[in-house]
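Heads up, entry.txt below (compact mmCIF, C-alpha atoms and all ligand atoms):
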```txt
# COMPACT_ATOMS: atom_id res chain seq x y z
CA MET A 39 5.91 22.01 -4.52
CA THR A 40 4.97 22.74 -0.87
CA THR A 41 7.12 21.54 2.01
CA ARG A 42 5.43 19.17 4.42
CA HIS A 43 6.13 19.82 8.12
CA ASN A 44 4.46 16.81 9.72
CA PHE A 45 6.16 13.42 10.19
CA ILE A 46 4.51 10.41 8.54
CA ILE A 47 5.34 6.81 9.46
CA ALA A 48 3.97 4.07 7.14
CA ILE A 49 3.82 0.46 8.36
CA ASP A 50 2.78 -2.13 5.79
CA GLY A 51 2.94 -5.88 5.67
CA PHE A 52 1.24 -9.24 5.72
CA SER A 53 -1.88 -10.12 7.70
CA SER A 54 -1.54 -10.59 11.43
CA CYS A 55 2.18 -9.95 11.70
CA GLY A 56 1.81 -7.25 14.37
CA LYS A 57 1.51 -4.05 12.32
CA SER A 58 -1.23 -2.49 14.46
CA THR A 59 0.48 -3.57 17.68
CA VAL A 60 3.74 -1.87 16.81
CA ALA A 61 2.04 1.13 15.13
CA LYS A 62 -0.16 1.80 18.16
CA ALA A 63 2.75 1.50 20.62
CA LEU A 64 4.97 3.74 18.50
CA ALA A 65 2.25 6.39 18.14
CA LYS A 66 1.69 6.35 21.90
CA LYS A 67 5.42 6.70 22.60
CA LEU A 68 5.86 9.57 20.11
CA LYS A 69 2.45 11.19 20.84
CA PHE A 70 1.53 10.76 17.17
CA VAL A 71 -1.94 9.91 15.85
CA PHE A 72 -2.37 6.19 15.07
CA ILE A 73 -4.56 5.27 12.10
CA ASP A 74 -5.49 1.66 11.38
CA SER A 75 -6.31 1.79 7.66
CA GLY A 76 -7.37 -1.89 7.66
CA ALA A 77 -10.18 -0.99 10.07
CA MET A 78 -11.57 1.33 7.38
CA TYR A 79 -11.74 -1.47 4.81
CA ARG A 80 -13.33 -3.67 7.47
CA ALA A 81 -15.95 -0.98 8.16
CA VAL A 82 -16.85 -0.80 4.46
CA THR A 83 -17.09 -4.61 4.38
CA LEU A 84 -19.44 -4.63 7.37
CA TYR A 85 -21.68 -2.08 5.66
CA PHE A 86 -21.69 -4.09 2.38
CA ILE A 87 -22.63 -7.29 4.24
CA ARG A 88 -25.37 -5.63 6.27
CA GLU A 89 -26.87 -3.88 3.24
CA GLY A 90 -26.38 -6.83 0.88
CA ILE A 91 -24.35 -4.77 -1.59
CA ASP A 92 -23.40 -6.70 -4.73
CA VAL A 93 -19.67 -6.06 -5.22
CA GLU A 94 -20.10 -6.49 -8.99
CA ASP A 95 -22.72 -3.70 -9.16
CA ASP A 96 -20.74 -0.47 -9.69
CA ALA A 97 -23.76 1.81 -9.13
CA ALA A 98 -24.68 0.08 -5.85
CA VAL A 99 -21.06 0.27 -4.68
CA ALA A 100 -20.86 3.99 -5.54
CA GLN A 101 -24.14 4.70 -3.72
CA ALA A 102 -23.01 2.70 -0.70
CA LEU A 103 -19.74 4.64 -0.52
CA GLU A 104 -21.77 7.89 -0.46
CA ASN A 105 -23.68 6.56 2.56
CA ILE A 106 -20.64 5.36 4.52
CA HIS A 107 -19.17 7.72 7.13
CA ILE A 108 -16.17 6.45 9.06
CA ASP A 109 -14.78 8.24 12.11
CA PHE A 110 -12.00 7.46 14.56
CA ILE A 111 -13.11 8.52 18.06
CA PRO A 112 -10.55 8.60 20.90
CA ASN A 113 -12.03 7.06 24.06
CA LEU A 114 -9.72 6.77 27.10
CA GLU A 115 -6.84 4.39 26.21
CA LYS A 116 -8.25 3.24 22.85
CA THR A 117 -9.57 4.71 19.64
CA GLU A 118 -12.98 3.50 18.55
CA ILE A 119 -13.94 3.20 14.91
CA HIS A 120 -17.44 4.37 14.11
CA LEU A 121 -19.51 3.55 11.05
CA ASN A 122 -22.31 6.08 10.66
CA ASP A 123 -22.06 6.95 14.38
CA GLU A 124 -22.08 3.31 15.58
CA ASP A 125 -19.07 1.91 17.44
CA ILE A 126 -18.07 -1.12 15.35
CA SER A 127 -14.57 -1.63 16.82
CA ASP A 128 -15.26 -5.17 18.07
CA GLU A 129 -17.64 -6.29 15.32
CA ILE A 130 -15.10 -5.73 12.52
CA ARG A 131 -12.52 -8.06 14.14
CA GLN A 132 -14.75 -11.11 13.70
CA MET A 133 -13.94 -13.85 11.19
CA TYR A 134 -16.97 -13.23 8.99
CA ILE A 135 -15.49 -9.79 8.21
CA SER A 136 -11.94 -11.17 7.75
CA ASP A 137 -13.37 -13.68 5.27
CA LYS A 138 -14.79 -10.94 2.99
CA VAL A 139 -12.62 -7.88 3.52
CA SER A 140 -9.92 -8.63 0.94
CA GLU A 141 -12.50 -9.16 -1.78
CA VAL A 142 -14.12 -5.78 -0.98
CA SER A 143 -10.67 -4.17 -0.86
CA THR A 144 -9.97 -5.08 -4.49
CA ILE A 145 -12.72 -2.70 -5.70
CA LYS A 146 -11.21 0.38 -7.30
CA ALA A 147 -13.94 2.78 -6.10
CA VAL A 148 -13.55 1.51 -2.53
CA ARG A 149 -9.79 2.03 -2.62
CA GLN A 150 -10.10 5.50 -4.12
CA ALA A 151 -12.55 6.56 -1.39
CA MET A 152 -10.41 5.10 1.44
CA VAL A 153 -7.09 6.46 0.12
CA ALA A 154 -8.59 9.97 -0.16
CA GLN A 155 -9.78 9.81 3.47
CA GLN A 156 -6.46 8.43 4.67
CA GLN A 157 -4.53 11.20 2.91
CA LYS A 158 -6.84 13.77 4.51
CA LEU A 159 -6.25 12.22 7.97
CA GLY A 160 -2.49 12.56 7.43
CA ARG A 161 -2.59 16.19 6.38
CA ARG A 162 -0.69 18.38 8.82
CA ARG A 163 -0.64 15.85 11.71
CA ASN A 164 2.18 13.56 12.83
CA ILE A 165 0.84 10.09 12.16
CA VAL A 166 1.61 6.39 12.23
CA MET A 167 -0.62 4.58 9.72
CA ASP A 168 -0.59 0.83 9.13
CA GLY A 169 -2.00 -1.13 6.21
CA ARG A 170 -1.00 -2.67 2.89
CA ASP A 171 -0.36 0.28 0.55
CA ILE A 172 0.54 3.12 2.89
CA GLY A 173 4.19 3.44 1.85
CA THR A 174 3.48 2.79 -1.83
CA THR A 175 0.20 4.60 -2.59
CA VAL A 176 -1.25 6.56 0.33
CA PHE A 177 1.98 8.30 1.41
CA PRO A 178 4.73 7.46 -1.09
CA ASP A 179 6.66 10.40 0.45
CA ALA A 180 6.36 9.07 4.04
CA ASP A 181 9.32 10.00 6.25
CA MET A 182 9.77 6.43 7.47
CA LYS A 183 8.50 3.17 5.97
CA ILE A 184 8.49 -0.25 7.61
CA PHE A 185 7.53 -3.47 5.85
CA MET A 186 6.56 -6.13 8.37
CA THR A 187 6.56 -9.85 7.94
CA ALA A 188 6.62 -12.98 10.12
CA ASP A 189 6.49 -16.71 9.63
CA PRO A 190 2.91 -17.72 8.58
CA GLN A 191 2.59 -20.30 11.36
CA VAL A 192 3.73 -17.77 13.97
CA ARG A 193 1.18 -15.26 12.65
CA ALA A 194 -1.61 -17.84 12.73
CA ASN A 195 -0.74 -18.87 16.31
CA ARG A 196 -0.87 -15.25 17.45
CA ARG A 197 -4.22 -14.60 15.78
CA TYR A 198 -5.64 -17.88 17.15
CA LEU A 199 -4.64 -16.89 20.69
CA GLU A 200 -6.08 -13.41 20.26
CA LEU A 201 -9.48 -14.58 18.98
CA THR A 202 -9.92 -17.56 21.31
CA ASN A 203 -9.00 -15.36 24.30
CA LYS A 204 -11.86 -13.11 23.24
CA GLY A 205 -14.16 -16.14 23.21
CA GLU A 206 -14.54 -16.42 19.42
CA GLN A 207 -15.16 -19.95 18.15
CA VAL A 208 -12.46 -20.42 15.49
CA THR A 209 -10.18 -23.25 14.50
CA MET A 210 -6.50 -22.98 13.70
CA ASP A 211 -7.26 -24.35 10.25
CA GLU A 212 -9.73 -21.50 9.53
CA ILE A 213 -7.16 -18.94 10.59
CA VAL A 214 -4.32 -20.42 8.55
CA LYS A 215 -6.59 -20.46 5.48
CA ASN A 216 -7.86 -16.92 6.08
CA LEU A 217 -4.36 -15.45 6.40
CA ALA A 218 -3.14 -17.24 3.26
CA HIS A 219 -6.28 -16.22 1.35
CA ARG A 220 -5.98 -12.54 2.34
CA ASP A 221 -2.24 -12.39 1.67
CA HIS A 222 -2.83 -13.87 -1.77
CA ILE A 223 -5.62 -11.47 -2.77
CA ASP A 224 -3.85 -8.47 -1.19
CA SER A 225 -0.58 -9.19 -3.01
CA THR A 226 -2.05 -10.00 -6.41
CA ARG A 227 -4.88 -7.47 -6.83
CA GLU A 228 -4.65 -4.93 -9.63
CA GLU A 229 -5.16 -1.79 -7.52
CA SER A 230 -2.26 -0.93 -5.20
CA PRO A 231 -1.26 -4.48 -4.28
CA LEU A 232 0.62 -5.23 -1.08
CA ARG A 233 4.32 -4.88 -1.81
CA LYS A 234 7.36 -3.52 -0.08
CA ALA A 235 8.15 0.07 -1.06
CA ASP A 236 11.69 0.32 -2.40
CA ASP A 237 12.68 2.58 0.48
CA ALA A 238 10.99 0.53 3.25
CA ILE A 239 12.95 -1.28 5.95
CA ILE A 240 12.02 -4.91 6.55
CA LEU A 241 11.01 -5.95 10.05
CA ASN A 242 10.63 -9.71 10.49
CA ASN A 243 9.29 -10.16 14.02
CA SER A 244 8.84 -13.95 14.01
CA TYR A 245 11.17 -14.31 16.98
CA MET A 246 10.89 -10.84 18.48
CA THR A 247 8.92 -9.75 21.51
CA GLN A 248 6.60 -6.75 21.31
CA GLU A 249 9.22 -4.77 23.31
CA ASP A 250 11.99 -5.73 20.82
CA GLN A 251 9.94 -4.65 17.81
CA LEU A 252 9.04 -1.34 19.45
CA LYS A 253 12.71 -0.71 20.25
CA PHE A 254 13.60 -1.44 16.61
CA VAL A 255 11.14 1.14 15.22
CA ILE A 256 12.01 3.77 17.84
CA GLU A 257 15.69 3.47 16.91
CA GLU A 258 14.80 3.85 13.26
CA TYR A 259 12.64 6.87 14.04
CA THR A 260 15.44 8.53 16.03
CA LYS A 261 17.79 8.22 13.03
CA ARG A 262 15.18 9.56 10.59
CA ARG A 263 14.13 12.44 12.82
CA ALA A 264 17.74 13.59 13.13
CA SER A 265 18.10 13.73 9.35
CA LYS A 266 14.73 15.41 8.55
N1 LIG A 301 6.16 -9.70 18.63
C1 LIG A 301 5.01 -10.28 18.95
N2 LIG A 301 5.01 -11.42 19.67
C2 LIG A 301 3.86 -12.06 20.00
N3 LIG A 301 2.64 -11.62 19.65
C3 LIG A 301 2.58 -10.49 18.93
C4 LIG A 301 3.73 -9.75 18.55
N4 LIG A 301 3.34 -8.67 17.84
C5 LIG A 301 2.00 -8.72 17.78
N5 LIG A 301 1.53 -9.81 18.43
C6 LIG A 301 0.13 -10.27 18.54
O1 LIG A 301 -0.21 -10.77 17.25
C7 LIG A 301 -1.58 -10.53 16.96
C8 LIG A 301 -1.69 -9.81 15.62
O2 LIG A 301 -1.14 -8.51 15.80
P1 LIG A 301 -1.77 -7.25 15.07
O3 LIG A 301 -3.25 -7.23 15.19
O4 LIG A 301 -1.00 -6.06 15.53
O5 LIG A 301 -1.37 -7.61 13.58
P2 LIG A 301 -1.71 -6.85 12.23
O6 LIG A 301 -0.53 -7.04 11.35
O7 LIG A 301 -2.14 -5.45 12.51
O8 LIG A 301 -2.93 -7.75 11.76
P3 LIG A 301 -4.02 -7.49 10.62
O9 LIG A 301 -3.31 -7.06 9.41
O10 LIG A 301 -4.67 -8.82 10.42
O11 LIG A 301 -4.94 -6.45 11.19
C9 LIG A 301 -2.13 -9.75 18.15
O12 LIG A 301 -2.79 -10.63 19.01
C10 LIG A 301 -0.88 -9.18 18.83
O13 LIG A 301 -1.06 -8.99 20.21
N1 LIG A 302 -4.17 -0.17 3.46
C1 LIG A 302 -4.92 -1.28 3.47
C2 LIG A 302 -5.34 -1.87 4.66
C3 LIG A 302 -6.11 -3.00 4.61
N2 LIG A 302 -6.49 -3.50 3.42
C4 LIG A 302 -7.40 -4.65 3.32
O1 LIG A 302 -8.14 -4.81 4.52
C5 LIG A 302 -7.90 -6.10 5.06
C6 LIG A 302 -7.96 -6.02 6.56
O2 LIG A 302 -6.87 -5.28 7.03
P1 LIG A 302 -6.26 -5.57 8.47
O3 LIG A 302 -5.02 -4.73 8.53
O4 LIG A 302 -7.28 -5.17 9.47
O5 LIG A 302 -5.99 -7.02 8.53
C7 LIG A 302 -6.60 -6.58 4.46
O6 LIG A 302 -6.49 -7.99 4.38
C8 LIG A 302 -6.68 -5.95 3.07
O7 LIG A 302 -7.50 -6.73 2.23
C9 LIG A 302 -6.05 -2.91 2.26
O8 LIG A 302 -6.38 -3.39 1.15
N3 LIG A 302 -5.29 -1.82 2.31
```
For the file at hand, write its structure as structure tokens.
Ligand SMILES: Nc1ncnc2c1ncn2[C@@H]1O[C@H](COP(=O)(O)OP(=O)(O)OP(=O)(O)O)[C@@H](O)[C@H]1O
Ligand SMILES: Nc1ccn([C@@H]2O[C@H](COP(=O)(O)O)[C@@H](O)[C@H]2O)c(=O)n1
Amino acid sequence: MTTRHNFIIAIDGFSSCGKSTVAKALAKKLKFVFIDSGAMYRAVTLYFIREGIDVEDDAAVAQALENIHIDFIPNLEKTEIHLNDEDISDEIRQMYISDKVSEVSTIKAVRQAMVAQQQKLGRRRNIVMDGRDIGTTVFPDADMKIFMTADPQVRANRRYLELTNKGEQVTMDEIVKNLAHRDHIDSTREESPLRKADDAIILNNSYMTQEDQLKFVIEEYTKRRASK
């Protein structure tokens, strides 16, 4: 067995509870690389929608995965996600992607392709990766694992504010349904379902500010770093 020298932080949890927010802030503070694994599943979903890929057609799915190239490109303060050299960072946040992404994410071939890329991205670099199966499947040996949750109504309110501030026409009802729908599919699918890793620490941020949640994970990191 080879010893790993990089530090891996896995942040998993339910939809819209603030995983990317805390992961991004933590990565910035520690000068680690932040990887939003959900954005990768969203990129695949966008490609499937655009190309009209039938998710039941294994050959079409396999061919599509061959044609999909996802890159994370740092650009000033943010990291863009590119699908075959196109910046799709904003497009993948729209509701029509959120409505389909969990269905696409149940496909075994899709998960295998994404997990392999995620593991490659975490080789040798210090990273913070957020998603649903990071602490259980992608990096079961992560140095620190957080499992995030928040009250469903709080999560829906936050997502509603985020999307309406961006000018997207959505109703609270649509958002509540989408979060419940995704959480259900993500937690019950056969392939690497969303679940708390046995060694993950729970962070319920329903009544925490973004500053409080960052402080919580930095304190946890400081303890872990000292014992690594
Ligand atoms: N502690 C907090 N208090 C208030 N708003 C928050 C807090 N943490 C995150 N948010 C806001 O909640 C929304 C959802 O956060 P974020 O996108 O980080 O969640 P996520 O878990 O990564 O979501 P998803 O899994 O759907 O991608 C964002 O608008 C973010 O600014
Ligand atoms: N490791 C992951 C990450 C995400 N998914 C699926 O993608 C959806 C979108 O993720 P967001 O974090 O951007 O909300 C999510 O609902 C999952 O269906 C996944 O399966 N595994």
Within 8 Å of range 211-220 of chain A using all atoms listed in the file, minus same-chain residues under 3 positions, as a ChimeraX atom specification: /A:53-54,136-137,140,190-191,194,197-198,208,223-224
Taking only C-alpha atoms and all ligand atoms into account, list the residues no farther than 6 Å from ligand LIG 302 (chain A), as a ChimeraX atom specification. /A:53,75-77,79-80,139-140,143,169-172,220,224
Show me which residues line ligand LIG 301 (chain A), defined as having an atom within 10 Å of a ligand atom where only C-alpha atoms and all ligand atoms count, and present them as a PyMOL selection string. chain A and resi 49-63+74-77+80+131+136+168-170+186-188+192-201+203+216-217+220-221+242-252
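Counting only C-alpha atoms, the residue from A:Gln132, A:Ser230, A:Thr144, A:Ser265 that sits nearest to Lys204 in chain A is A:Gln132.
The shortest atom-to-atom distance to Gly173 in chain A, with only C-alpha atoms taken into account, belongs to A:Asp237 out of A:Glu89, A:Glu129, A:Asp237, A:Glu104.
For the set A:Gln157, A:Glu228, A:Lys183, A:Thr202, the residue with the smallest atom-to-atom gap to Val255 in chain A is A:Lys183, counting only C-alpha atoms.
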Restricting to all atoms listed in the file, whichever of A:Ile165, A:Leu103, A:Met210, A:Val71 is closest to Thr117 in chain A is A:Val71
By how many Å are CA of Asn122 in chain A and CA of Asn105 in chain A apart?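 Atom-to-atom, CA of Asn122 in chain A and CA of Asn105 in chain A are spaced 8.2 Å apart.
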Distance of CA of Val93 in chain A from CA of His222 in chain A, expressed in Å to one decimal place: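 So the answer is 18.9 Å.
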Have a look at CA of Tyr134 in chain A and CA of Thr83 in chain A and let me know their distance in Å, one decimal.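 Separation between CA of Tyr134 in chain A and CA of Thr83 in chain A: 9.8 Å.
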Pick from A:Ile239, A:Asp128, A:Asp189, A:Thr226: nearest to Tyr259 in chain A, with all atoms listed in the file counted? A:Ile239
Min atom-atom distance to Lys69 in chain A from the set A:Asn164, A:His120, A:Gln150, A:Ala264, counting only C-alpha atoms, belongs to A:Asn164
Set the distance at 10 Å and use all atoms listed in the file: which residues neighbour range 107-110 of chain A once local chain neighbours fewer than 4 positions away are removed? I'd like the list as an NGL selection string. :A and (72-74 or 77-78 or 81-82 or 103 or 117-125 or 127 or 152 or 155 or 159)
Find the axis-aligned box for range 58-68 of chain A, covering all its listed atoms and adding 5 Å on each side, and write its centre and edge lengths in Å to one decimal as AutoDock Vina command-line options.
```
--center_x 2.3 --center_y 3.0 --center_z 18.5 --size_x 17.1 --size_y 23.1 --size_z 18.1
```
